[in-house]
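Colleague: Supplied structure: query_9.txt, compact mmCIF, C-alpha atoms.
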```txt
# COMPACT_ATOMS: atom_id res chain seq x y z
CA MET A 1 78.55 50.21 92.16
CA PRO A 2 75.80 49.78 89.54
CA TYR A 3 76.73 51.05 86.08
CA ASN A 4 73.66 53.28 85.87
CA MET A 5 74.75 55.11 89.03
CA VAL A 6 78.18 56.19 87.74
CA GLY A 7 77.67 59.27 85.65
CA GLY A 8 74.39 57.94 84.20
CA GLU A 9 73.75 59.23 80.69
CA ALA A 10 77.10 61.06 80.66
CA ASP A 11 78.99 57.77 81.11
CA ALA A 12 76.85 56.05 78.49
CA SER A 13 77.63 58.84 76.04
CA LEU A 14 81.31 58.73 76.93
CA LEU A 15 81.60 54.97 76.31
CA LYS A 16 80.25 55.46 72.78
CA LYS A 17 83.47 57.33 71.96
CA PHE A 18 85.70 54.33 72.66
CA SER A 19 86.45 50.99 70.99
CA VAL A 20 86.76 47.74 72.99
CA LEU A 21 88.43 44.38 72.33
CA TYR A 22 86.68 41.51 74.13
CA VAL A 23 88.52 38.15 74.37
CA GLU A 24 86.67 35.07 75.73
CA ASP A 25 86.87 31.37 74.77
CA ASP A 26 83.48 30.35 76.23
CA ASP A 27 80.91 30.73 73.44
CA GLU A 28 77.89 31.33 75.67
CA ILE A 29 79.61 33.90 77.91
CA ARG A 30 81.19 35.59 74.90
CA ASP A 31 77.85 35.94 73.10
CA GLN A 32 76.09 37.33 76.18
CA LEU A 33 78.72 39.93 77.07
CA ALA A 34 79.34 40.85 73.43
CA HIS A 35 75.62 41.64 73.12
CA PHE A 36 75.84 43.78 76.27
CA LEU A 37 78.98 45.61 75.07
CA ARG A 38 77.80 46.30 71.53
CA ARG A 39 74.93 48.40 72.87
CA ARG A 40 77.26 50.49 75.04
CA VAL A 41 80.61 51.06 73.33
CA GLY A 42 81.49 52.71 70.05
CA THR A 43 83.09 49.72 68.34
CA LEU A 44 83.49 46.16 69.60
CA TYR A 45 86.08 43.64 68.41
CA VAL A 46 85.75 40.01 69.55
CA ALA A 47 88.35 37.22 69.78
CA THR A 48 88.18 33.63 71.09
CA ASN A 49 91.70 33.31 72.56
CA GLY A 50 94.78 35.31 73.46
CA HIS A 51 96.48 34.77 70.11
CA GLU A 52 93.45 36.04 68.17
CA GLY A 53 93.13 38.85 70.65
CA LEU A 54 96.74 39.95 70.10
CA LEU A 55 96.25 39.91 66.33
CA ALA A 56 93.04 41.94 66.70
CA PHE A 57 94.83 44.43 68.92
CA ASP A 58 97.64 44.86 66.37
CA ALA A 59 95.09 45.34 63.58
CA HIS A 60 92.61 47.71 65.29
CA ARG A 61 94.36 49.21 68.35
CA PRO A 62 91.20 49.37 70.49
CA ASP A 63 91.02 51.83 73.39
CA ILE A 64 90.11 49.23 76.07
CA VAL A 65 90.71 45.47 76.35
CA ILE A 66 88.50 42.99 78.26
CA THR A 67 89.88 39.45 78.53
CA ASP A 68 89.38 36.11 80.23
CA ILE A 69 92.49 34.53 81.82
CA LEU A 70 92.41 30.79 81.10
CA MET A 71 92.13 30.27 77.34
CA PRO A 72 93.66 27.93 74.76
CA VAL A 73 96.64 28.86 72.51
CA MET A 74 97.50 31.92 74.63
CA ASP A 75 96.05 32.83 78.03
CA GLY A 76 94.69 36.26 78.85
CA LEU A 77 97.56 37.35 81.12
CA LYS A 78 100.17 36.45 78.50
CA MET A 79 98.21 38.45 75.93
CA ALA A 80 97.84 41.33 78.41
CA GLU A 81 101.58 41.34 78.98
CA LYS A 82 102.27 41.62 75.25
CA ILE A 83 99.66 44.35 74.82
CA LYS A 84 101.14 46.38 77.69
CA ALA A 85 104.54 46.06 76.04
CA ILE A 86 103.07 47.50 72.85
CA SER A 87 100.80 50.13 74.43
CA PRO A 88 101.31 50.72 78.19
CA PRO A 89 98.42 53.26 78.52
CA THR A 90 95.78 50.84 77.18
CA PRO A 91 93.44 49.85 80.07
CA ILE A 92 92.99 46.07 80.44
CA ILE A 93 90.08 44.51 82.35
CA VAL A 94 90.48 40.84 83.36
CA THR A 95 87.44 38.59 83.90
CA THR A 96 87.89 35.16 85.53
CA ALA A 97 86.17 32.63 87.74
CA PHE A 98 89.41 31.93 89.58
CA ASN A 99 89.80 33.99 92.71
CA GLU A 100 93.37 33.01 93.46
CA THR A 101 96.18 35.16 94.83
CA ASN A 102 98.74 34.23 92.18
CA PHE A 103 96.48 35.49 89.39
CA PHE A 104 96.02 38.82 91.16
CA LEU A 105 99.76 39.20 91.75
CA LYS A 106 100.64 38.40 88.16
CA ALA A 107 97.94 40.76 86.90
CA ILE A 108 99.38 43.52 89.09
CA ASP A 109 102.90 42.83 87.80
CA ILE A 110 101.69 43.06 84.20
CA GLY A 111 99.85 46.30 84.86
CA VAL A 112 96.28 45.06 84.45
CA ASP A 113 93.97 47.93 85.39
CA LYS A 114 90.79 46.18 86.60
CA TYR A 115 89.72 42.70 87.76
CA VAL A 116 86.10 41.45 87.46
CA ILE A 117 85.09 38.05 88.89
CA LYS A 118 82.85 35.67 86.92
CA PRO A 119 79.95 35.31 86.61
CA VAL A 120 80.22 38.87 85.36
CA ASN A 121 77.76 41.37 86.77
CA THR A 122 77.04 43.66 83.81
CA ASP A 123 76.39 46.64 86.08
CA ILE A 124 79.82 46.20 87.63
CA LEU A 125 81.44 45.70 84.22
CA GLY A 126 79.71 48.82 82.92
CA SER A 127 80.95 50.76 85.92
CA VAL A 128 84.52 49.50 85.41
CA LEU A 129 84.35 50.38 81.72
CA ALA A 130 83.20 53.89 82.58
CA GLN A 131 86.11 54.28 85.00
CA CYS A 132 88.55 53.18 82.30
CA ALA A 133 86.94 55.60 79.83
CA HIS A 134 87.37 58.48 82.29
CA THR A 135 91.00 57.48 82.81
CA LEU A 136 91.57 57.49 79.05
CA LEU A 137 89.86 60.85 78.72
CA SER A 138 92.04 62.29 81.48
CA GLU A 139 95.11 60.93 79.71
CA VAL A 140 94.02 62.53 76.43
CA GLU A 141 93.47 65.84 78.20
CA ARG A 142 96.87 65.53 79.91
CA ARG A 143 98.61 64.87 76.60
CA LEU A 144 96.74 67.73 74.97
CA ALA A 145 97.75 70.07 77.79
CA ALA A 146 101.36 68.88 77.48
CA THR A 147 101.28 69.50 73.73
CA VAL A 148 99.86 73.00 74.22
CA PHE A 149 102.47 73.67 76.92
CA ASP A 150 105.36 72.59 74.71
CA SER A 151 104.17 74.09 71.41
CA SER A 152 102.77 77.40 72.68
CA SER A 153 104.45 80.48 71.20
CA ASP A 154 103.79 82.22 74.53
CA ALA A 155 106.18 81.60 77.38
CA ILE A 156 104.70 79.58 80.26
CA LEU A 157 106.14 79.60 83.76
CA VAL A 158 104.82 77.42 86.61
CA THR A 159 105.76 77.92 90.25
CA ASP A 160 104.84 76.19 93.49
CA PRO A 161 102.96 78.00 96.32
CA ARG A 162 106.29 79.43 97.56
CA ASN A 163 106.83 81.02 94.13
CA VAL A 164 109.65 78.66 93.22
CA ILE A 165 109.85 77.77 89.51
CA VAL A 166 108.94 74.12 88.87
CA SER A 167 108.45 74.13 85.10
CA VAL A 168 108.92 76.28 82.00
CA ASN A 169 108.15 75.62 78.34
CA PRO A 170 110.42 75.96 75.28
CA ALA A 171 109.00 79.40 74.42
CA PHE A 172 110.12 80.64 77.85
CA CYS A 173 113.69 79.61 77.04
CA GLU A 174 113.51 81.20 73.60
CA ILE A 175 112.21 84.53 74.89
CA THR A 176 114.35 84.87 78.02
CA GLY A 177 117.52 83.14 76.82
CA PHE A 178 117.64 80.98 79.95
CA GLU A 179 117.82 77.19 79.71
CA ARG A 180 115.32 75.17 81.73
CA GLU A 181 117.99 73.91 84.13
CA GLU A 182 119.07 77.47 84.90
CA VAL A 183 115.67 78.55 86.25
CA ILE A 184 114.14 75.45 87.89
CA GLY A 185 114.18 75.97 91.65
CA LYS A 186 114.70 79.74 91.31
CA ASP A 187 112.44 82.69 92.12
CA PRO A 188 110.95 84.46 89.06
CA LYS A 189 112.34 87.74 90.41
CA MET A 190 115.62 86.68 88.77
CA LEU A 191 114.01 87.98 85.56
CA SER A 192 113.16 91.40 86.98
CA SER A 193 114.59 94.45 85.19
CA GLY A 194 114.14 96.79 88.15
CA ARG A 195 111.88 99.15 86.20
CA GLN A 196 108.87 98.33 88.36
CA ASP A 197 109.12 99.17 92.05
CA ARG A 198 108.03 97.17 95.10
CA GLU A 199 104.67 98.92 95.17
CA PHE A 200 103.92 97.63 91.66
CA TYR A 201 104.59 94.01 92.61
CA ALA A 202 102.81 94.38 95.96
CA GLN A 203 99.67 95.53 94.14
CA MET A 204 100.04 92.70 91.61
CA TRP A 205 100.18 90.06 94.36
CA LYS A 206 97.29 91.67 96.21
CA THR A 207 95.11 91.44 93.08
CA LEU A 208 96.30 87.88 92.43
CA GLN A 209 95.37 86.74 95.93
CA GLN A 210 91.98 88.44 95.85
CA ALA A 211 90.87 87.70 92.29
CA GLY A 212 92.95 84.64 91.48
CA LYS A 213 94.43 86.27 88.39
CA TRP A 214 96.35 89.34 87.23
CA SER A 215 97.48 90.66 83.87
CA GLY A 216 99.48 93.63 82.76
CA GLU A 217 102.65 94.96 81.16
CA VAL A 218 105.96 94.11 82.82
CA TRP A 219 109.53 94.96 81.89
CA ASN A 220 111.88 92.00 82.40
CA ARG A 221 115.50 91.22 81.61
CA ARG A 222 116.84 88.49 79.32
CA LYS A 223 119.86 86.39 80.18
CA ASP A 224 122.09 88.65 78.05
CA GLY A 225 120.95 91.69 80.04
CA GLU A 226 118.58 93.14 77.44
CA VAL A 227 115.49 94.73 78.99
CA TYR A 228 112.26 94.02 77.11
CA PRO A 229 108.51 94.54 77.59
CA GLU A 230 106.16 91.59 78.00
CA TRP A 231 102.44 91.13 78.48
CA LEU A 232 102.05 88.88 81.52
CA SER A 233 99.02 86.98 82.80
CA VAL A 234 99.26 85.15 86.12
CA SER A 235 96.65 82.74 87.52
CA THR A 236 96.38 80.67 90.67
CA VAL A 237 95.73 76.92 90.64
CA LYS A 238 93.84 75.52 93.63
CA ASN A 239 93.00 72.03 94.91
CA ASN A 240 89.62 70.81 96.15
CA LYS A 241 90.40 72.33 99.56
CA ASP A 242 90.67 75.79 97.95
CA GLU A 243 94.40 75.80 98.69
CA ILE A 244 96.82 77.32 96.16
CA THR A 245 99.02 74.60 94.68
CA HIS A 246 100.63 76.49 91.81
CA TYR A 247 100.94 79.83 90.05
CA VAL A 248 100.93 79.84 86.25
CA GLY A 249 102.40 82.79 84.38
CA ILE A 250 101.94 83.19 80.62
CA PHE A 251 103.74 85.99 78.83
CA SER A 252 104.66 87.18 75.35
CA ASP A 253 107.42 89.48 74.17
CA ILE A 254 105.71 92.69 73.01
CA THR A 255 108.87 94.49 71.89
CA GLU A 256 107.76 94.63 68.25
CA ARG A 257 104.29 95.83 69.22
CA LYS A 258 105.74 98.58 71.42
CA GLN A 259 108.10 99.62 68.63
CA ALA A 260 105.22 99.72 66.15
CA GLU A 261 103.16 101.83 68.56
CA GLU A 262 106.10 104.16 69.04
CA ARG A 263 106.53 104.48 65.25
CA VAL A 264 102.86 105.37 64.88
CA ARG A 265 103.12 107.97 67.65
CA HIS A 266 106.28 109.35 66.07
CA LEU A 267 104.74 109.59 62.61
CA ALA A 268 101.78 111.43 64.09
CA HIS A 269 104.08 114.26 65.26
CA TYR A 270 107.14 114.16 62.99
CA ASP A 271 107.73 114.64 59.27
CA ALA A 272 108.38 111.29 57.56
CA LEU A 273 111.12 112.66 55.27
CA THR A 274 113.18 114.94 57.55
CA ASP A 275 112.13 113.61 60.98
CA LEU A 276 111.51 117.21 62.05
CA PRO A 277 108.39 118.06 64.10
CA ASN A 278 105.34 118.41 61.87
CA ARG A 279 102.61 121.06 62.00
CA THR A 280 100.69 119.33 64.78
CA LEU A 281 103.65 119.16 67.14
CA PHE A 282 104.79 122.67 66.16
CA HIS A 283 101.42 124.22 67.01
CA ASP A 284 101.41 122.41 70.35
CA ARG A 285 104.87 123.75 71.20
CA LEU A 286 103.91 127.22 69.97
CA GLN A 287 100.88 127.29 72.29
CA GLN A 288 103.03 126.20 75.24
CA ALA A 289 105.66 128.82 74.39
CA VAL A 290 103.03 131.59 74.19
CA ILE A 291 101.51 130.58 77.53
CA GLN A 292 104.98 130.57 79.12
CA ALA A 293 105.80 133.95 77.55
CA GLN A 294 102.58 135.50 78.88
CA ARG A 295 103.33 134.20 82.36
CA ASN A 296 106.97 135.37 82.40
CA ARG A 297 106.56 138.51 80.25
CA GLU A 298 108.89 137.14 77.58
CA GLN A 299 109.01 137.24 73.79
CA VAL A 300 108.55 134.39 71.34
CA ALA A 301 109.94 134.54 67.82
CA VAL A 302 108.56 132.59 64.86
CA MET A 303 110.54 132.42 61.62
CA PHE A 304 109.19 131.25 58.29
CA LEU A 305 111.78 129.95 55.81
CA ASP A 306 111.55 128.72 52.26
CA LEU A 307 114.26 127.65 49.83
CA ASP A 308 115.00 129.64 46.69
CA ARG A 309 115.20 127.72 43.39
CA PHE A 310 114.29 124.42 45.06
CA LYS A 311 111.67 123.65 42.41
CA VAL A 312 114.29 123.95 39.67
CA ILE A 313 116.55 121.41 41.39
CA ASN A 314 113.64 119.08 42.06
CA ASP A 315 112.45 119.23 38.42
CA THR A 316 115.87 118.94 36.75
CA LEU A 317 117.69 116.45 39.02
CA GLY A 318 114.71 114.41 40.21
CA HIS A 319 112.69 114.00 43.38
CA SER A 320 115.26 111.75 45.06
CA VAL A 321 117.91 114.52 44.90
CA GLY A 322 115.25 116.97 46.08
CA ASP A 323 114.50 114.71 49.06
CA PHE A 324 118.21 114.45 49.90
CA LEU A 325 118.46 118.24 49.78
CA LEU A 326 115.51 118.73 52.14
CA GLN A 327 117.03 116.25 54.59
CA ALA A 328 120.38 118.06 54.45
CA VAL A 329 118.69 121.43 54.97
CA ALA A 330 116.79 120.05 57.95
CA GLN A 331 120.07 118.89 59.49
CA ARG A 332 121.73 122.29 59.01
CA LEU A 333 118.72 124.07 60.49
CA SER A 334 118.78 121.82 63.54
CA ASN A 335 122.51 122.52 64.01
CA CYS A 336 121.74 126.25 64.17
CA MET A 337 119.22 125.92 66.99
CA ARG A 338 119.52 126.20 70.75
CA GLN A 339 118.22 123.54 73.05
CA GLY A 340 114.49 124.23 73.40
CA ASP A 341 114.09 125.73 69.91
CA THR A 342 111.92 123.91 67.38
CA VAL A 343 112.41 123.48 63.63
CA CYS A 344 109.30 122.29 61.78
CA ARG A 345 108.82 121.28 58.17
CA GLN A 346 105.52 122.71 57.03
CA GLY A 347 105.59 120.91 53.71
CA GLY A 348 107.42 121.15 50.40
CA ASP A 349 110.46 123.41 50.89
CA GLU A 350 108.89 125.45 53.70
CA PHE A 351 110.16 125.37 57.29
CA VAL A 352 109.02 127.15 60.43
CA ILE A 353 111.29 127.87 63.39
CA LEU A 354 110.12 128.57 66.95
CA LEU A 355 112.41 130.50 69.29
CA PRO A 356 110.95 130.73 72.81
CA LYS A 357 112.34 132.99 75.51
CA VAL A 358 113.73 135.67 73.17
CA ILE A 359 115.06 138.61 75.18
CA HIS A 360 115.95 140.99 72.33
CA ALA A 361 114.66 141.04 68.75
CA GLU A 362 118.26 141.27 67.61
CA ASP A 363 118.85 137.78 69.04
CA ALA A 364 116.36 136.31 66.58
CA ALA A 365 117.96 138.28 63.75
CA LEU A 366 121.34 136.78 64.59
CA VAL A 367 119.84 133.30 64.42
CA ALA A 368 118.28 134.13 61.06
CA GLN A 369 121.63 135.36 59.72
CA LYS A 370 123.32 132.18 60.97
CA ILE A 371 120.69 130.12 59.12
CA LEU A 372 121.12 132.06 55.87
CA GLU A 373 124.87 131.52 55.98
CA ALA A 374 124.48 127.79 56.72
CA ILE A 375 122.07 127.28 53.84
CA ALA A 376 124.32 129.21 51.47
CA GLN A 377 127.13 126.68 51.88
CA PRO A 378 127.34 124.14 49.00
CA PHE A 379 125.50 120.82 49.31
CA HIS A 380 127.22 117.72 47.94
CA LEU A 381 124.46 115.23 47.20
CA ASP A 382 124.36 112.17 44.95
CA GLY A 383 127.34 113.34 42.89
CA HIS A 384 126.05 116.90 42.56
CA GLU A 385 127.27 120.16 44.10
CA LEU A 386 124.21 122.29 44.77
CA HIS A 387 124.05 125.96 45.66
CA ILE A 388 120.83 127.39 47.06
CA SER A 389 119.71 130.32 49.15
CA SER A 390 116.75 130.90 51.41
CA SER A 391 114.32 133.61 52.45
CA ILE A 392 113.30 134.18 56.07
CA GLY A 393 110.51 136.20 57.65
CA ILE A 394 110.32 136.84 61.40
CA SER A 395 107.41 137.74 63.70
CA PHE A 396 107.33 138.24 67.48
CA PHE A 397 104.85 137.61 70.24
CA PRO A 398 103.32 139.69 71.79
CA ASN A 399 104.24 142.58 69.44
CA ASP A 400 103.05 141.01 66.17
```
Written as structure tokens, how would this file's structure read?

Modeller:
Amino acid sequence: MPYNMVGGEADASLLKKFSVLYVEDDDEIRDQLAHFLRRRVGTLYVATNGHEGLLAFDAHRPDIVITDILMPVMDGLKMAEKIKAISPPTPIIVTTAFNETNFFLKAIDIGVDKYVIKPVNTDILGSVLAQCAHTLLSEVERRLAATVFDSSSDAILVTDPRNVIVSVNPAFCEITGFEREEVIGKDPKMLSSGRQDREFYAQMWKTLQQAGKWSGEVWNRRKDGEVYPEWLSVSTVKNNKDEITHYVGIFSDITERKQAEERVRHLAHYDALTDLPNRTLFHDRLQQAVIQAQRNREQVAVMFLDLDRFKVINDTLGHSVGDFLLQAVAQRLSNCMRQGDTVCRQGGDEFVILLPKVIHAEDAALVAQKILEAIAQPFHLDGHELHISSSIGISFFPND
């Protein structure tokens, strides 16, 4: 096939990226082909026999080697054999006027990639060079893909069309706790936590078959039984017949991200010091309680509480003791509540208490008395015994 018909300008541009070693003992042939090659490849190294060629290869490590067979000092096949021992992936093109079976067989045994008969047709040689360049490029891409596969911090899982695991990367083993040998040949459902139902996976596979890809959040289980969230992307791999040959799943452990999101949500509704509901959450619960009370003709009680002499303690013993005291008060208030009641820290030493479903006003008064008694008990904090009291005001819906 003529050189200018294989990829055209693309092949010419590709060849400029590669270096070539050309070994030929015939001066005239060497000069002619060297002139041809210099205009087409990135860098050309020339040698007059196999020994020189081997030295040049050791010194420059060219991408492609072109060599004659019969040469003085060391023939081309002997040189090719030594080069293949040093660098098996290096493509070697043999040129010779001898069309004999034994040369072909020996070249095959050595691993010679291409064979061009003399007199060399430059179009054919250019075509062969382009083929070798494409092979090298494919090898580079394969090695790059392998490096990405092995070094990726995301777990990668590859299955065959029957959804049987054929390969996993080191990150997969690190995230799941499974060794490679424990999962090869298994179905990925061995990782399932059971949190997603059949309908979830049925919809996932439907999308995957229709669109060729799917991504979303999945809860899986590690080898030690721990359930964790992951962000999973699955893609199909097809051949030139549009047939699925593999499924590739890439996932990352998003436990820390989920925890961070949960902390942000928590801080948006809870006091950072006491972990009690803040004003925002309190008002939301108050609105719900009022709506429920209107519907069921019930009462809702709201109590406002502040601590007596708290400022004195805070100023004399320091803010850290004051913080410990507020945390201890919050705990005692929570212990006085029923399930469904809400204690909120408004700020400073002020707390608000929501009592939904109050039948009699006296019930709220009893709770208030219980709180006053609990707060009056001594607090032992940071080597100090503290005595405080509190004041409480009560209002009722719908009366107040």

Colleague: If we count only C-alpha atoms, what is near Val128 in chain A at a cut-off of 9 Å, once residues fewer than 5 positions away on the same chain are taken out, given as an mmCIF file with C-alpha atoms, keeping the file's coordinate frame?

Modeller:
```cif
data_model
loop_
_atom_site.group_PDB
_atom_site.id
_atom_site.type_symbol
_atom_site.label_atom_id
_atom_site.label_comp_id
_atom_site.auth_asym_id
_atom_site.auth_seq_id
_atom_site.Cartn_x
_atom_site.Cartn_y
_atom_site.Cartn_z
ATOM 1 C CA TYR A 3 76.730 51.050 86.080
ATOM 2 C CA ILE A 93 90.080 44.510 82.350
ATOM 3 C CA LYS A 114 90.790 46.180 86.600
ATOM 4 C CA TYR A 115 89.720 42.700 87.760
ATOM 5 C CA VAL A 116 86.100 41.450 87.460
ATOM 6 C CA ASP A 123 76.390 46.640 86.080
ATOM 7 C CA ALA A 133 86.940 55.600 79.830
#
```

Colleague: Taking all listed atoms of range 113-130 of chain A, build the axis-aligned box, pad each of the six sides by 6 Å, then write its centre and edge lengths in Å to one decimal as lines of an AutoDock Vina configuration file.

Modeller:
```
center_x = 85.2
center_y = 44.6
center_z = 85.3
size_x = 29.6
size_y = 30.6
size_z = 19.2
```

Colleague: Would you pick out the contacts of Leu14 in chain A at 10 Å or less, using all atoms listed in the file, so that residues sharing its chain but fewer than 2 positions from it are not included, and give the list as a PyMOL selection string?

Modeller: chain A and resi 7+9-12+16-18+40-42+130+133-134+137

Colleague: I want to know what sits within 7 Å of Gln346 in chain A, based on only C-alpha atoms, with residues of the same chain fewer than 6 positions away left out; could you give that as a compact mmCIF listing (two decimals) with C-alpha atoms, keeping the file's coordinate frame?

Modeller:
```txt
# COMPACT_ATOMS: atom_id res chain seq x y z
CA ASN A 278 105.34 118.41 61.87
CA ARG A 279 102.61 121.06 62.00
CA VAL A 352 109.02 127.15 60.43
```

Colleague: Report as a tab-separated table the residues of range 66-129 of chain A within 7 Å of range 45-51 of chain A, each with its shortest atom pair and distance in Å (one decimal), using all atoms listed in the file, ordered by chain and increasing residue number.

Modeller:
```
residue	atom	partner	partner_atom	distance
A:Met71	CA	A:Asn49	CA	5.7
A:Pro72	CA	A:Asn49	CA	6.1
A:Val73	CA	A:His51	CA	6.4
A:Met74	CA	A:Gly50	CA	4.5
A:Asp75	CA	A:Gly50	CA	5.4
A:Gly76	CA	A:Gly50	CA	5.5
A:Met79	CA	A:Gly50	CA	5.3
```

Colleague: Between A:Gly383, A:Gly53, A:Pro398, A:Gly340, which is the closest to Leu354 in chain A once you count only C-alpha atoms?

Modeller: A:Gly340

Colleague: Out of A:Ile353, A:Ile375, A:Ile291, A:Ala368, which residue has the shortest atom-to-atom distance to Leu326 in chain A when counting all atoms listed in the file?

Modeller: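 Ranked by minimum distance to Leu326 in chain A, first place goes to A:Ile375.
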
Colleague: Counting all atoms listed in the file, which residue out of A:Val65, A:Leu273, A:Gln196, A:Asp154 sits closest to Gly249 in chain A?

Modeller: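 Counting all atoms listed in the file, the residue closest to Gly249 in chain A is A:Asp154.
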
Colleague: Kindly give the distance, in Å, that separates CA of Lys213 in chain A and CA of Val237 in chain A, rounded to a single decimal.

Modeller: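 Separation of CA of Lys213 in chain A and CA of Val237 in chain A: 9.7 Å.
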
Colleague: Need to verify the contact set: range 243-247 of chain A, 9 Å, all atoms listed in the file, exclusion of same-chain residues closer than 2 positions in sequence. Can you return it as a PDB file with C-alpha atoms, keeping the file's coordinate frame?

Modeller:
```
ATOM      1  CA  LEU A 157     106.140  79.600  83.760  1.00  0.00           C
ATOM      2  CA  VAL A 158     104.820  77.420  86.610  1.00  0.00           C
ATOM      3  CA  THR A 159     105.760  77.920  90.250  1.00  0.00           C
ATOM      4  CA  ASP A 160     104.840  76.190  93.490  1.00  0.00           C
ATOM      5  CA  PRO A 161     102.960  78.000  96.320  1.00  0.00           C
ATOM      6  CA  ARG A 162     106.290  79.430  97.560  1.00  0.00           C
ATOM      7  CA  ASN A 163     106.830  81.020  94.130  1.00  0.00           C
ATOM      8  CA  VAL A 234      99.260  85.150  86.120  1.00  0.00           C
ATOM      9  CA  SER A 235      96.650  82.740  87.520  1.00  0.00           C
ATOM     10  CA  THR A 236      96.380  80.670  90.670  1.00  0.00           C
ATOM     11  CA  VAL A 237      95.730  76.920  90.640  1.00  0.00           C
ATOM     12  CA  LYS A 238      93.840  75.520  93.630  1.00  0.00           C
ATOM     13  CA  ASN A 239      93.000  72.030  94.910  1.00  0.00           C
ATOM     14  CA  ASN A 240      89.620  70.810  96.150  1.00  0.00           C
ATOM     15  CA  LYS A 241      90.400  72.330  99.560  1.00  0.00           C
ATOM     16  CA  GLY A 249     102.400  82.790  84.380  1.00  0.00           C
TER      17      GLY A 249
END
```

Colleague: Nearest to Glu139 in chain A: which of A:Pro188, A:Pro91, A:Glu52, A:Val248 is it, counting all atoms listed in the file?

Modeller: A:Pro91

Colleague: Work out how far CA of Leu232 in chain A is from CA of Arg180 in chain A, in Å to one decimal.

Modeller: 19.1 Å

Colleague: For CA of Leu333 in chain A and CA of Gln294 in chain A, determine how far apart the two atoms are, in Å to one decimal place.

Modeller: 27.0 Å

Colleague: For the point (97.5, 42.8, 70.8) in the file's frame, write as a list in words all residues with an atom no more than 7 Å away, counting all atoms listed in the file.

Modeller: Gly53, Leu54, Leu55, Ala56, Phe57, Asp58, Met79, Lys82 and Ile83 of chain A

Colleague: Go ahead and write the residues just picked, C-alpha atoms, as an mmCIF file, in the frame of the given file.

Modeller:
```cif
data_model
loop_
_atom_site.group_PDB
_atom_site.id
_atom_site.type_symbol
_atom_site.label_atom_id
_atom_site.label_comp_id
_atom_site.auth_asym_id
_atom_site.auth_seq_id
_atom_site.Cartn_x
_atom_site.Cartn_y
_atom_site.Cartn_z
ATOM 1 C CA GLY A 53 93.130 38.850 70.650
ATOM 2 C CA LEU A 54 96.740 39.950 70.100
ATOM 3 C CA LEU A 55 96.250 39.910 66.330
ATOM 4 C CA ALA A 56 93.040 41.940 66.700
ATOM 5 C CA PHE A 57 94.830 44.430 68.920
ATOM 6 C CA ASP A 58 97.640 44.860 66.370
ATOM 7 C CA MET A 79 98.210 38.450 75.930
ATOM 8 C CA LYS A 82 102.270 41.620 75.250
ATOM 9 C CA ILE A 83 99.660 44.350 74.820
#
```

Colleague: Got a sec: who's within 7 Å of Ala155 in chain A, counting only C-alpha atoms, leaving out chain neighbours fewer than 5 positions off, as number ranges by chain?

Modeller: A: 169, 171-172, 250-252
